[in-house]
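Asks: As input, take my_file05.txt (compact mmCIF, C-alpha atoms and all ligand atoms):
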```txt
# COMPACT_ATOMS: atom_id res chain seq x y z
CA ASP A 328 -14.39 25.59 -5.96
CA CYS A 329 -15.60 27.97 -3.31
CA ILE A 330 -13.99 26.86 -0.07
CA SER A 331 -15.80 29.14 2.30
CA SER A 332 -18.08 32.10 2.55
CA ARG A 333 -16.34 35.02 4.17
CA ARG A 334 -16.09 38.78 4.06
CA ILE A 335 -12.81 39.82 2.56
CA VAL A 336 -12.28 43.55 2.65
CA ARG A 337 -9.81 45.61 0.70
CA LEU A 338 -8.20 48.53 2.55
CA PRO A 339 -5.47 51.02 1.67
CA GLY A 340 -1.95 50.21 2.88
CA MET A 341 -1.79 50.99 6.58
CA ILE A 342 0.72 53.65 7.70
CA ASP A 343 2.34 53.34 11.13
CA VAL A 344 3.88 56.65 12.17
CA HIS A 345 5.65 55.30 15.27
CA VAL A 346 7.92 52.24 15.19
CA HIS A 347 11.31 51.39 16.73
CA LEU A 348 13.33 49.18 14.41
CA ARG A 349 16.57 49.26 16.51
CA ASP A 350 18.75 49.56 13.43
CA PRO A 351 21.58 50.58 13.61
CA GLY A 352 23.02 49.28 16.83
CA GLN A 353 20.58 46.96 18.56
CA THR A 354 19.77 44.56 15.79
CA HIS A 355 19.42 41.62 18.19
CA LYS A 356 16.09 43.28 19.14
CA GLU A 357 15.00 44.07 15.56
CA ASP A 358 16.43 45.31 12.28
CA PHE A 359 14.95 46.81 9.14
CA ALA A 360 14.44 43.40 7.50
CA SER A 361 12.67 41.77 10.47
CA GLY A 362 10.74 44.86 11.53
CA SER A 363 9.45 45.58 8.04
CA ALA A 364 8.49 41.90 7.64
CA ALA A 365 6.46 42.26 10.85
CA ALA A 366 4.90 45.40 9.37
CA LEU A 367 3.81 43.65 6.17
CA ALA A 368 2.48 40.66 8.11
CA GLY A 369 0.37 43.17 10.02
CA GLY A 370 -0.96 44.96 6.93
CA VAL A 371 1.35 47.98 7.34
CA THR A 372 2.95 49.16 4.10
CA MET A 373 4.73 52.27 5.40
CA VAL A 374 6.54 52.83 8.70
CA MET A 375 8.14 55.86 10.27
CA ALA A 376 11.23 54.75 12.21
CA MET A 377 12.16 56.41 15.50
CA PRO A 378 15.65 57.89 16.12
CA ASN A 379 16.48 56.34 19.55
CA THR A 380 18.89 53.84 17.98
CA LYS A 381 22.58 53.26 18.77
CA PRO A 382 23.93 55.71 17.80
CA ALA A 383 20.91 57.97 18.06
CA ILE A 384 19.95 59.69 14.80
CA ILE A 385 20.83 63.27 15.65
CA ASP A 386 23.21 64.52 12.96
CA ARG A 387 24.19 64.13 9.33
CA ASP A 388 26.48 61.10 9.84
CA SER A 389 24.09 59.05 11.96
CA PHE A 390 21.20 59.94 9.64
CA GLN A 391 23.24 58.74 6.68
CA MET A 392 24.10 55.52 8.53
CA ALA A 393 20.43 54.83 9.30
CA LYS A 394 19.49 55.59 5.68
CA GLU A 395 21.99 52.94 4.53
CA CYS A 396 20.69 50.33 7.00
CA ALA A 397 17.14 51.03 5.87
CA ALA A 398 17.98 50.98 2.15
CA ARG A 399 19.59 47.54 2.57
CA GLY A 400 17.00 46.00 4.87
CA ALA A 401 13.54 47.50 4.49
CA ARG A 402 10.84 45.40 2.81
CA CYS A 403 8.15 48.08 3.13
CA ASP A 404 8.23 51.81 2.50
CA TYR A 405 9.52 54.04 5.26
CA ALA A 406 10.75 57.40 6.45
CA LEU A 407 13.29 58.06 9.22
CA PHE A 408 12.91 60.42 12.18
CA VAL A 409 15.69 62.66 13.44
CA GLY A 410 16.00 63.26 17.18
CA ALA A 411 16.39 66.52 19.07
CA SER A 412 19.53 66.73 21.26
CA LEU A 413 20.88 69.41 23.58
CA ASP A 414 22.79 71.22 20.88
CA ASN A 415 21.73 70.05 17.39
CA TYR A 416 18.89 72.47 16.64
CA ARG A 417 20.94 74.42 14.08
CA GLN A 418 22.06 71.36 12.11
CA LEU A 419 18.68 69.65 11.92
CA ALA A 420 16.92 71.97 9.49
CA GLU A 421 19.28 70.80 6.75
CA LEU A 422 18.13 67.18 7.26
CA GLY A 423 14.48 68.13 7.57
CA PRO A 424 13.23 67.69 3.99
CA ARG A 425 14.48 64.07 3.96
CA ALA A 426 13.37 63.12 7.50
CA ALA A 427 10.03 61.68 8.56
CA ALA A 428 9.78 64.36 11.27
CA LEU A 429 11.61 65.69 14.33
CA LYS A 430 11.20 63.65 17.53
CA MET A 431 11.62 65.26 20.95
CA TYR A 432 11.79 63.03 24.04
CA LEU A 433 10.58 65.14 26.96
CA ASN A 434 10.11 62.39 29.59
CA ASP A 435 12.22 59.50 30.76
CA THR A 436 11.95 56.51 28.40
CA PHE A 437 14.15 54.01 26.49
CA SER A 438 16.56 56.61 25.12
CA ASP A 439 19.38 59.00 26.10
CA LEU A 440 17.62 61.74 24.23
CA ARG A 441 15.55 63.23 27.04
CA LEU A 442 15.45 67.03 27.06
CA ASP A 443 14.63 68.82 30.31
CA ASP A 444 15.70 72.35 29.53
CA LEU A 445 12.85 74.61 28.39
CA THR A 446 15.32 76.78 26.50
CA VAL A 447 16.32 73.77 24.42
CA TRP A 448 12.67 72.89 23.80
CA SER A 449 12.06 76.41 22.52
CA GLN A 450 15.15 76.40 20.31
CA HIS A 451 13.94 73.23 18.57
CA MET A 452 10.34 74.38 18.28
CA GLU A 453 11.48 77.70 16.82
CA HIS A 454 14.09 76.35 14.42
CA TRP A 455 12.55 73.14 13.06
CA PRO A 456 10.77 74.41 9.93
CA ARG A 457 7.06 74.93 10.43
CA HIS A 458 6.09 72.98 7.32
CA LEU A 459 7.79 69.85 8.76
CA PRO A 460 6.10 67.62 11.36
CA LEU A 461 7.33 67.67 14.98
CA CYS A 462 6.47 64.86 17.42
CA VAL A 463 6.89 64.71 21.18
CA HIS A 464 7.00 61.99 23.80
CA ALA A 465 5.37 64.12 26.49
CA GLU A 466 3.17 62.64 29.21
CA GLY A 467 0.68 64.40 31.47
CA GLN A 468 1.88 67.82 32.62
CA THR A 469 4.83 67.58 30.25
CA MET A 470 2.36 67.35 27.38
CA ALA A 471 0.64 70.53 28.51
CA ALA A 472 3.99 72.31 28.70
CA ALA A 473 5.05 71.08 25.25
CA MET A 474 1.78 72.25 23.73
CA MET A 475 2.28 75.67 25.30
CA VAL A 476 5.80 76.07 23.90
CA ALA A 477 4.58 74.93 20.46
CA ALA A 478 1.70 77.39 20.62
CA LEU A 479 4.07 80.24 21.48
CA ALA A 480 6.33 79.19 18.62
CA ASN A 481 3.19 79.21 16.45
CA ARG A 482 3.77 75.76 15.03
CA PRO A 483 1.95 72.41 14.69
CA ILE A 484 2.79 69.65 17.16
CA HIS A 485 1.96 65.91 17.19
CA ILE A 486 1.60 64.14 20.55
CA CYS A 487 2.86 60.53 20.57
CA HIS A 488 1.08 57.64 22.32
CA VAL A 489 -1.63 59.49 24.26
CA ALA A 490 -2.73 57.22 27.11
CA LYS A 491 -4.51 59.20 29.82
CA LYS A 492 -7.93 60.78 30.17
CA GLU A 493 -6.39 64.13 31.16
CA GLU A 494 -4.23 64.07 28.01
CA ILE A 495 -6.99 63.30 25.52
CA LEU A 496 -9.29 65.88 27.15
CA LEU A 497 -6.62 68.58 27.04
CA ILE A 498 -5.96 67.81 23.36
CA LYS A 499 -9.69 67.99 22.70
CA ALA A 500 -9.86 71.41 24.36
CA ALA A 501 -6.81 72.63 22.43
CA LYS A 502 -8.33 71.48 19.13
CA GLN A 503 -11.58 73.26 19.99
CA ARG A 504 -9.56 76.46 20.45
CA GLY A 505 -7.99 75.94 17.03
CA PHE A 506 -4.48 74.94 18.10
CA PRO A 507 -2.72 72.89 15.39
CA VAL A 508 -2.25 69.83 17.64
CA THR A 509 -2.66 66.21 16.52
CA CYS A 510 -2.19 62.94 18.37
CA GLU A 511 -1.84 59.19 18.11
CA VAL A 512 -2.95 56.33 20.38
CA SER A 513 -1.31 52.90 20.58
CA PRO A 514 -3.24 49.61 20.55
CA HIS A 515 -1.90 48.54 23.95
CA HIS A 516 -3.52 51.57 25.58
CA LEU A 517 -6.82 50.76 23.85
CA PHE A 518 -6.78 47.03 24.62
CA LEU A 519 -4.81 46.62 27.89
CA THR A 520 -5.04 48.31 31.29
CA SER A 521 -2.98 48.23 34.49
CA SER A 522 -5.29 45.45 35.73
CA GLU A 523 -3.27 43.23 33.37
CA LEU A 524 0.00 43.94 35.21
CA GLY A 525 -0.38 41.02 37.61
CA ARG A 526 -0.45 38.61 34.67
CA LEU A 527 2.21 40.39 32.62
CA GLY A 528 4.62 41.12 35.47
CA ALA A 529 7.79 42.91 34.35
CA MET A 530 6.84 42.20 30.73
CA GLY A 531 4.05 44.75 31.20
CA GLN A 532 6.36 47.76 31.47
CA VAL A 533 5.89 50.32 28.74
CA LYS A 534 6.15 54.10 28.42
CA PRO A 535 3.63 55.60 28.89
CA PRO A 536 2.55 52.84 31.32
CA LEU A 537 -0.68 50.88 31.06
CA MET A 538 -3.38 53.05 32.62
CA VAL A 539 -6.55 52.39 34.62
CA GLU A 540 -9.89 51.59 32.99
CA ASP A 541 -11.12 55.17 33.41
CA ASP A 542 -8.27 56.38 31.18
CA GLN A 543 -8.89 53.65 28.63
CA ARG A 544 -12.60 54.49 28.49
CA ALA A 545 -11.77 58.16 27.88
CA LEU A 546 -9.75 57.16 24.79
CA TRP A 547 -12.66 55.15 23.39
CA ASP A 548 -15.17 57.87 24.29
CA ASN A 549 -13.07 60.47 22.45
CA MET A 550 -12.34 58.43 19.35
CA ALA A 551 -13.00 61.49 17.17
CA VAL A 552 -10.14 63.36 18.91
CA ILE A 553 -7.62 60.62 18.01
CA ASP A 554 -5.93 61.42 14.69
CA CYS A 555 -3.83 58.27 14.27
CA PHE A 556 -3.40 54.78 15.57
CA ALA A 557 0.31 53.97 15.86
CA THR A 558 1.86 50.84 17.28
CA ASP A 559 4.87 52.33 19.11
CA HIS A 560 6.34 48.93 18.13
CA ALA A 561 9.16 48.80 20.71
CA PRO A 562 10.73 45.33 20.57
CA HIS A 563 12.97 43.99 23.35
CA THR A 564 13.88 40.33 23.76
CA VAL A 565 12.17 38.07 26.30
CA ALA A 566 15.46 37.80 28.23
CA GLU A 567 15.73 41.60 28.41
CA LYS A 568 12.11 41.95 29.52
CA ARG A 569 12.68 39.35 32.27
CA SER A 570 15.97 40.90 33.47
CA GLU A 571 16.64 42.95 36.62
CA LYS A 572 16.03 46.22 34.83
CA PRO A 573 13.49 45.47 32.10
CA PRO A 574 13.44 48.08 29.31
CA PRO A 575 9.99 49.55 28.57
CA GLY A 576 8.17 48.69 25.36
CA PHE A 577 5.92 46.21 23.54
CA PRO A 578 6.16 44.86 20.01
CA GLY A 579 2.95 45.73 18.15
CA LEU A 580 3.19 45.58 14.36
CA GLU A 581 1.82 42.07 13.93
CA THR A 582 -1.08 42.46 16.37
CA MET A 583 -2.46 45.97 15.75
CA LEU A 584 -4.78 45.24 12.85
CA PRO A 585 -6.26 41.96 14.22
CA LEU A 586 -7.11 43.83 17.45
CA LEU A 587 -8.64 46.78 15.61
CA LEU A 588 -10.58 44.55 13.19
CA THR A 589 -11.97 42.69 16.19
CA ALA A 590 -13.17 46.05 17.53
CA VAL A 591 -14.82 46.71 14.15
CA ASN A 592 -16.58 43.33 14.36
CA GLN A 593 -17.75 44.28 17.85
CA GLY A 594 -19.14 47.59 16.59
CA ARG A 595 -16.63 49.61 18.61
CA LEU A 596 -14.86 51.09 15.54
CA THR A 597 -15.96 51.89 12.01
CA LEU A 598 -14.69 50.58 8.72
CA GLN A 599 -15.54 51.92 5.28
CA VAL A 600 -16.19 48.73 3.39
CA THR A 601 -15.24 49.17 -0.24
CA VAL A 602 -15.04 45.59 -1.47
CA ILE A 603 -16.54 42.50 0.02
CA VAL A 604 -15.67 39.18 -1.53
CA ILE A 605 -18.05 36.53 -0.36
CA CYS A 606 -16.15 33.62 -1.83
CA ALA A 607 -12.49 32.87 -1.24
CA ARG A 608 -10.50 30.33 -3.23
CA GLN A 609 -7.50 28.24 -2.40
CA ASN A 610 -4.47 27.71 -4.58
CA ARG A 611 -0.78 27.07 -3.94
CA GLN A 612 -0.30 30.66 -2.81
CA GLY A 613 -2.88 30.20 -0.09
CA THR A 614 -6.30 31.71 0.27
CA ILE A 615 -6.79 34.44 -2.26
CA ALA A 616 -9.59 36.79 -2.96
CA ASP A 617 -8.87 38.19 -6.36
CA GLN A 618 -12.21 37.20 -7.90
CA PRO A 619 -14.81 39.23 -6.10
CA LEU A 620 -18.23 37.68 -6.51
CA ILE A 621 -20.12 40.34 -4.67
CA VAL A 622 -18.91 43.88 -4.38
CA THR A 623 -20.72 46.23 -2.06
CA ARG A 624 -20.18 49.62 -0.63
CA GLY A 625 -21.27 50.52 2.84
CA GLN A 626 -20.08 51.22 6.29
CA GLN A 627 -19.87 49.24 9.48
CA ASN A 628 -21.04 51.74 12.05
CA ARG A 629 -19.59 52.28 15.44
CA GLN A 630 -22.13 52.14 18.24
CA GLY A 631 -22.35 55.09 20.59
CA THR A 632 -20.23 58.22 20.26
CA GLY A 633 -19.44 59.19 16.71
CA ALA A 634 -21.75 56.68 15.03
CA ASP A 635 -23.60 59.58 13.47
CA GLN A 636 -20.57 60.54 11.37
CA PRO A 637 -21.30 60.91 7.65
CA LEU A 638 -20.66 58.06 5.25
CA GLY A 639 -17.09 58.10 4.04
CA TRP A 640 -15.83 58.59 7.56
CA SER A 641 -14.06 55.60 9.02
CA ASP A 642 -11.87 55.05 12.06
CA LEU A 643 -9.57 52.52 10.43
CA GLU A 644 -8.84 54.18 7.11
CA ASP A 645 -8.75 57.65 8.65
CA LYS A 646 -6.44 56.87 11.56
CA LEU A 647 -4.13 54.47 9.73
CA HIS A 648 -4.03 56.02 6.30
CA HIS A 649 -5.62 59.39 5.54
CA ASN A 650 -4.64 61.25 8.73
CA PRO A 651 -1.05 59.92 8.80
CA ARG A 652 -0.68 61.02 5.18
CA ARG A 653 -2.10 64.47 5.90
CA ILE A 654 -0.23 65.13 9.16
CA PHE A 655 3.13 63.78 7.96
CA LYS A 656 2.67 64.88 4.33
CA LEU A 657 3.32 61.39 2.99
CA PRO A 658 3.06 60.56 -0.69
CA GLU A 659 0.58 58.06 -2.05
CA GLN A 660 1.87 54.51 -2.54
CA PRO A 661 0.55 53.65 -6.01
CA ASN A 662 -1.09 50.22 -6.52
CA THR A 663 -0.91 49.51 -2.81
CA TYR A 664 -3.64 47.85 -0.76
CA ILE A 665 -4.28 45.08 1.72
CA GLU A 666 -6.96 42.41 2.02
CA VAL A 667 -8.31 41.36 5.37
CA ASP A 668 -10.64 38.50 6.25
CA MET A 669 -13.22 39.88 8.67
CA ASP A 670 -14.43 36.41 9.65
CA GLU A 671 -11.24 34.53 10.43
CA THR A 672 -11.07 33.91 14.16
CA TYR A 673 -7.96 32.76 15.96
CA SER A 674 -5.99 33.50 19.08
CA ILE A 675 -2.85 35.62 19.03
CA PRO A 676 0.20 33.36 19.29
CA GLU A 677 2.83 33.44 22.04
CA ALA A 678 5.41 34.68 19.54
CA PRO A 679 4.28 36.39 16.32
CA ALA A 680 6.34 35.07 13.41
CA HIS A 681 8.40 38.00 12.16
CA SER A 682 9.57 40.39 14.87
CA LYS A 683 12.75 39.42 16.72
CA ALA A 684 10.97 40.27 19.98
CA MET A 685 9.44 36.74 20.03
CA TRP A 686 6.67 37.66 22.47
CA THR A 687 3.56 39.81 22.70
CA PRO A 688 1.50 41.15 25.60
CA PHE A 689 -1.61 40.00 23.67
CA ALA A 690 -0.69 36.28 23.58
CA GLY A 691 -3.76 34.06 23.79
CA ARG A 692 -6.26 36.82 23.03
CA ALA A 693 -9.14 35.78 20.77
CA VAL A 694 -9.43 37.99 17.68
CA ALA A 695 -11.69 38.12 14.63
CA GLY A 696 -9.98 39.61 11.59
CA ALA A 697 -6.84 38.51 9.75
CA VAL A 698 -4.54 40.19 7.25
CA LYS A 699 -4.49 37.88 4.23
CA ARG A 700 -2.66 39.71 1.49
CA VAL A 701 -0.58 42.86 1.03
CA VAL A 702 0.10 44.39 -2.36
CA LEU A 703 2.82 47.04 -2.31
CA ARG A 704 3.43 49.12 -5.45
CA GLY A 705 1.92 46.41 -7.60
CA GLU A 706 3.82 43.45 -6.07
CA VAL A 707 2.40 40.85 -3.70
CA ALA A 708 4.49 41.61 -0.60
CA MET A 709 2.75 39.26 1.85
CA VAL A 710 0.28 36.43 1.49
CA ASP A 711 -1.17 34.32 4.32
CA GLY A 712 1.63 35.17 6.72
CA ARG A 713 4.41 34.60 4.20
CA VAL A 714 6.44 37.73 3.47
CA LEU A 715 7.53 37.76 -0.17
CA ALA A 716 9.02 41.27 -0.32
CA THR A 717 12.81 41.09 -0.11
CA PRO A 718 15.12 43.23 2.07
CA GLY A 719 15.95 46.40 0.20
CA SER A 720 12.73 46.49 -1.81
CA GLY A 721 11.19 49.15 0.47
CA ARG A 722 11.50 52.79 -0.59
CA ASP A 723 12.35 55.87 1.46
CA VAL A 724 9.30 58.04 0.80
CA ARG A 725 11.22 61.21 1.69
CA GLU A 726 13.82 60.44 -0.97
CA LEU A 727 10.97 59.88 -3.43
CA GLN A 728 9.42 63.16 -2.36
CA PRO A 729 11.50 65.44 -0.08
CA LEU A 730 9.51 67.96 1.95
CA LEU A 731 11.04 71.07 0.49
CA PRO A 732 9.90 74.35 1.99
CA PRO A 733 6.90 75.98 0.35
CA PRO A 734 7.85 78.83 -2.00
CA PRO A 735 8.33 82.06 -0.05
CA ALA A 736 5.16 84.08 0.21
CA VAL A 737 5.07 86.77 -2.45
CA GLN A 738 5.91 90.09 -0.80
CA PRO A 739 2.83 92.28 -0.86
CA GLU A 740 3.33 95.36 -2.95
CA THR A 741 4.43 98.32 -0.90
CA VAL A 742 1.34 100.20 0.11
CA VAL A 743 1.72 103.93 0.30
CA MET A 744 -0.58 105.33 2.91
CA PRO A 745 -0.80 109.05 2.24
CA TRP A 746 -2.37 109.81 5.59
CA THR A 747 0.65 108.71 7.61
CA GLU A 748 3.63 110.85 8.40
CA GLU A 749 5.86 107.88 7.58
CA ARG A 750 4.91 107.61 3.93
CA GLU A 751 8.37 108.65 2.82
CA TRP A 752 9.73 105.42 4.25
CA HIS A 753 7.39 103.30 2.18
CA VAL A 754 7.97 104.84 -1.21
CA PRO A 755 10.01 102.43 -3.37
CA ALA A 756 13.46 103.78 -4.17
CA ALA A 757 12.80 103.84 -7.91
CA GLY A 758 9.83 106.12 -7.41
CA ARG A 759 11.76 108.83 -5.62
CA THR A 760 13.01 111.99 -7.24
C1 LIG B 801 10.19 52.88 23.48
C2 LIG B 801 11.44 52.10 23.08
O1 LIG B 801 11.66 51.00 23.62
O2 LIG B 801 12.20 52.56 22.23
N1 LIG B 801 9.65 52.28 24.65
C3 LIG B 801 8.38 52.41 25.11
O3 LIG B 801 8.10 51.91 26.20
N2 LIG B 801 7.45 53.00 24.41
C4 LIG B 801 10.51 54.33 23.65
C5 LIG B 801 9.31 55.24 23.60
O4 LIG B 801 8.57 55.23 22.63
O5 LIG B 801 9.07 56.00 24.54
ZN ZN B 802 21.96 48.21 10.23
ZN ZN B 803 7.72 57.38 23.55
ZN ZN B 804 8.12 54.91 20.86
```
Give the structure from the file, written as structure tokens.
Ligand code: NCD
Ligand code: ZN
Ligand code: ZN
Ligand code: ZN
Replies:
Amino acid sequence: DCISSRRIVRLPGMIDVHVHLRDPGQTHKEDFASGSAAALAGGVTMVMAMPNTKPAIIDRDSFQMAKECAARGARCDYALFVGASLDNYRQLAELGPRAAALKMYLNDTFSDLRLDDLTVWSQHMEHWPRHLPLCVHAEGQTMAAAMMVAALANRPIHICHVAKKEEILLIKAAKQRGFPVTCEVSPHHLFLTSSELGRLGAMGQVKPPLMVEDDQRALWDNMAVIDCFATDHAPHTVAEKRSEKPPPGFPGLETMLPLLLTAVNQGRLTLQVTVIVICARQNRQGTIADQPLIVTRGQQNRQGTGADQPLGWSDLEDKLHHNPRRIFKLPEQPNTYIEVDMDETYSIPEAPAHSKAMWTPFAGRAVAGAVKRVVLRGEVAMVDGRVLATPGSGRDVRELQPLLPPPPAVQPETVVMPWTEEREWHVPAAGRT
């Protein structure tokens, strides 16, 4: 009853730290139910939703509204960003423990949240608690400036959707100096360049824009500097993308993993193979792989830079699971994993099935690697493209585990230094006569 011989690989649930689900307010583009269905179809079991909705998520009321939309609609686990505005830095700390992170928009993009004033940048970087993640949309020189303000505020910073050679090299240099900076790269900057703009036309607009091949090569050459892959899933309808003023952004949740698995098959990325099932079976639920015939451990090595990394090091699991969990302090999703078929080849459809965007910049691209099954907290959430998880079944991981501040550092005992004139000042009151 073996229908085919193929490599089916089990991976941890993928975590996408940068998605726009448009809910509340622009649910004709996407909502929690459709966006989280797209996530599951793409092997993503946890998403972090951006705050540039309508209204924007910048205070207690809007945060509560977004939490209700998500609780009703989400089919996968999630956390919600809050956005920095001109004057909300004092209120945000209260929301912090239950937010994915703080997002600061420092360049022009699809949002009214852009902040230009350096004083406002500093207020946010000083006041947002240091144990909570802080993410910036900051391109080129703006990125350098944001890193400087974060360094002066002595706090970690995460750079969204790095796209240019100068950006990845500056981040590399900052990491070498020990700055607590991390970054993510989106699939469209790894797999598309500005040479594609003739074909894509206005549909090709995205922030940051598609870059030249030299920039793209720098991302691949510095794979070890990239902490996370993140889709920046930014759905807009076809009509909107073809309009006079097309909004920037690409949908990405359903195409990220097929593109990255193709790169693994080509030896351009690594994958820590934990389970290989050589035989797949067919039943009414589709192709399943729950009876492994051959289980092996090993690693598909990346050619060139970084291929000498020790075993246990893997681009896919690191950048879509371990690093997102570490940087954003995300809890484990128990009994959660995905199964991908490394040998299924197909071409990406004109309109992936689940997102309301109904288009993709990768249409027609040949890929090798398909997400077959997603198990989320013990339940089959997706099988062969069919999403079984219902709206509302996803959990808010920050409600499960709020990021409360670490206990205050124990005050060191007062040290009396007899050789200083000031010792009187240091003697505890109780010890005085
Ligand atoms: C994003 C969107 O549409 O919300 N667009 C984009 O081009 N990336 C905003 C953003 O992430 O900058
Ligand atoms: Zn809603
Ligand atoms: Zn952005
Ligand atoms: Zn974005």
Asks: Just to confirm, what's the straight-line distance from atom CA of A:Pro382 to atom CA of A:Ser412 in Å (one decimal)?
Replies: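 The value is 12.4 Å.
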Asks: Grab the atom CA of A:His485 to atom CA of A:Asp343 distance for me, in Å with one decimal place.
Replies: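 Between these atoms lies a distance of 14.0 Å.
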Asks: Quick one: which chain A residues come within 9 Å of ligand ZN 804 (chain B), and what is the nearest atom pair for each with the distance in Å to one decimal, counting all atoms listed in the file, rows ordered by chain and ascending number, as JSON lines?
Replies:
```
{"residue": "A:His345", "atom": "CA", "partner": "B:ZN804", "partner_atom": "ZN", "distance": 6.1}
{"residue": "A:Val346", "atom": "CA", "partner": "B:ZN804", "partner_atom": "ZN", "distance": 6.3}
{"residue": "A:His347", "atom": "CA", "partner": "B:ZN804", "partner_atom": "ZN", "distance": 6.3}
{"residue": "A:Met377", "atom": "CA", "partner": "B:ZN804", "partner_atom": "ZN", "distance": 6.9}
{"residue": "A:Asn379", "atom": "CA", "partner": "B:ZN804", "partner_atom": "ZN", "distance": 8.6}
{"residue": "A:Thr436", "atom": "CA", "partner": "B:ZN804", "partner_atom": "ZN", "distance": 8.6}
{"residue": "A:Phe437", "atom": "CA", "partner": "B:ZN804", "partner_atom": "ZN", "distance": 8.3}
{"residue": "A:His464", "atom": "CA", "partner": "B:ZN804", "partner_atom": "ZN", "distance": 7.7}
{"residue": "A:Cys487", "atom": "CA", "partner": "B:ZN804", "partner_atom": "ZN", "distance": 7.7}
{"residue": "A:His488", "atom": "CA", "partner": "B:ZN804", "partner_atom": "ZN", "distance": 7.7}
{"residue": "A:Lys534", "atom": "CA", "partner": "B:ZN804", "partner_atom": "ZN", "distance": 7.9}
{"residue": "A:Thr558", "atom": "CA", "partner": "B:ZN804", "partner_atom": "ZN", "distance": 8.3}
{"residue": "A:Asp559", "atom": "CA", "partner": "B:ZN804", "partner_atom": "ZN", "distance": 4.5}
{"residue": "A:His560", "atom": "CA", "partner": "B:ZN804", "partner_atom": "ZN", "distance": 6.8}
{"residue": "A:Ala561", "atom": "CA", "partner": "B:ZN804", "partner_atom": "ZN", "distance": 6.2}
{"residue": "A:Gly576", "atom": "CA", "partner": "B:ZN804", "partner_atom": "ZN", "distance": 7.7}
```
Asks: Grab the atom CA of A:Phe359 to atom CA of A:Glu395 distance for me, in Å with one decimal place.
Replies: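 These atoms are spaced 10.4 Å apart.
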Asks: Which residue out of A:Met475, A:Ala529, A:Cys403, A:Ala465 has the minimum interatomic distance to ligand ZN 803 (chain B) when all atoms listed in the file are used?
Replies: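 The shortest atom-to-atom distance to ligand ZN 803 (chain B) comes from A:Ala465.
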Asks: List every protein, DNA or RNA residue that has at least one atom no more than 9 Å from (-9.6, 36.0, 24.0) in the file's coordinates, counting only C-alpha atoms, and write the result as JSON, numbers by chain.
Replies: {"A": [673, 674, 675, 689, 690, 691, 692, 693, 694]}
Asks: With only C-alpha atoms and all ligand atoms as the atoms that count, which of A:Trp640, A:Phe577, A:Tyr664, A:Phe556 lies nearest to ligand LIG 801 (chain B)?
Replies: A:Phe577
Asks: So that I can check the surroundings of A:Ala557, please list as a ChimeraX atom specification every protein, DNA and RNA residue that reaches within 12 Å of it, counting all atoms listed in the file and ignoring chain neighbours fewer than 3 positions away.
Replies: /A:341-347,366,371,373-376,486-489,510-517,553-554,560-561,578-580,582-584,587,643,646-648,650-651
Asks: Can you tell me which residues sit at most 8 Å away from ligand ZN 802 (chain B), counting all atoms listed in the file, written as a list of chain:residue names?
Replies: A:Asp350, A:Pro351, A:Gly352, A:Thr354, A:Asp358, A:Phe359, A:Met392, A:Ala393, A:Glu395, A:Cys396, A:Ala397, A:Gly400
Asks: Which residue is closest to ligand ZN 803 (chain B)? Choose from A:Asp435, A:Glu357, A:Asp443, A:Asp404 and count all atoms listed in the file.
Replies: A:Asp435
Asks: Name the closest residue to A:Ser720 among the candidates A:Ala398, A:Leu527, A:Gly369, A:Glu466; distances are taken between atoms, counting all atoms listed in the file.
Replies: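 For A:Ser720, the nearest of the given residues is A:Ala398.
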Asks: Taking all atoms listed in the file into account, which of A:Ala427, A:Val463, A:Lys502, A:Ile495 comes nearest A:Arg652?
Replies: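 Among the listed residues, A:Ala427 lies closest to A:Arg652.
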Asks: Determine, counting all atoms listed in the file, which protein, DNA and RNA residues have an atom within 10 Å of an atom of A:Thr663; residues of the same chain fewer than 4 positions away are not included. Present the result as a PDB file with C-alpha atoms, in the frame of the given file.
Replies:
```
ATOM      1  CA  LEU A 338      -8.200  48.530   2.550  1.00  0.00           C
ATOM      2  CA  PRO A 339      -5.470  51.020   1.670  1.00  0.00           C
ATOM      3  CA  GLY A 340      -1.950  50.210   2.880  1.00  0.00           C
ATOM      4  CA  MET A 341      -1.790  50.990   6.580  1.00  0.00           C
ATOM      5  CA  THR A 372       2.950  49.160   4.100  1.00  0.00           C
ATOM      6  CA  GLU A 659       0.580  58.060  -2.050  1.00  0.00           C
ATOM      7  CA  VAL A 701      -0.580  42.860   1.030  1.00  0.00           C
ATOM      8  CA  VAL A 702       0.100  44.390  -2.360  1.00  0.00           C
ATOM      9  CA  LEU A 703       2.820  47.040  -2.310  1.00  0.00           C
ATOM     10  CA  ARG A 704       3.430  49.120  -5.450  1.00  0.00           C
ATOM     11  CA  GLY A 705       1.920  46.410  -7.600  1.00  0.00           C
ATOM     12  CA  GLU A 706       3.820  43.450  -6.070  1.00  0.00           C
ATOM     13  CA  VAL A 707       2.400  40.850  -3.700  1.00  0.00           C
ATOM     14  CA  ALA A 708       4.490  41.610  -0.600  1.00  0.00           C
TER      15      ALA A 708
END
```
Asks: Restricting the calculation to all atoms listed in the file, which member of A:Ala500, A:Met669, A:Val533, A:Val737 is positioned closest to A:His563?
Replies: A:Val533
Asks: Could you pull out every residue with an atom within 10 Å of (22.4, 75.7, 22.6), file coordinates, counting only C-alpha atoms, and send them as a ChimeraX atom specification?
Replies: /A:412-417,446-447,450-451
Asks: Near A:Gly696, counting all atoms listed in the file, which residues have an atom at most 6 Å away, once you skip same-chain residues fewer than 6 positions from it, shown as a list of chain:residue names?
Replies: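 Non-adjacent residues within range: A:Pro585, A:Leu588, A:Thr589, A:Asp668, A:Met669, A:Asp670, A:Glu671.
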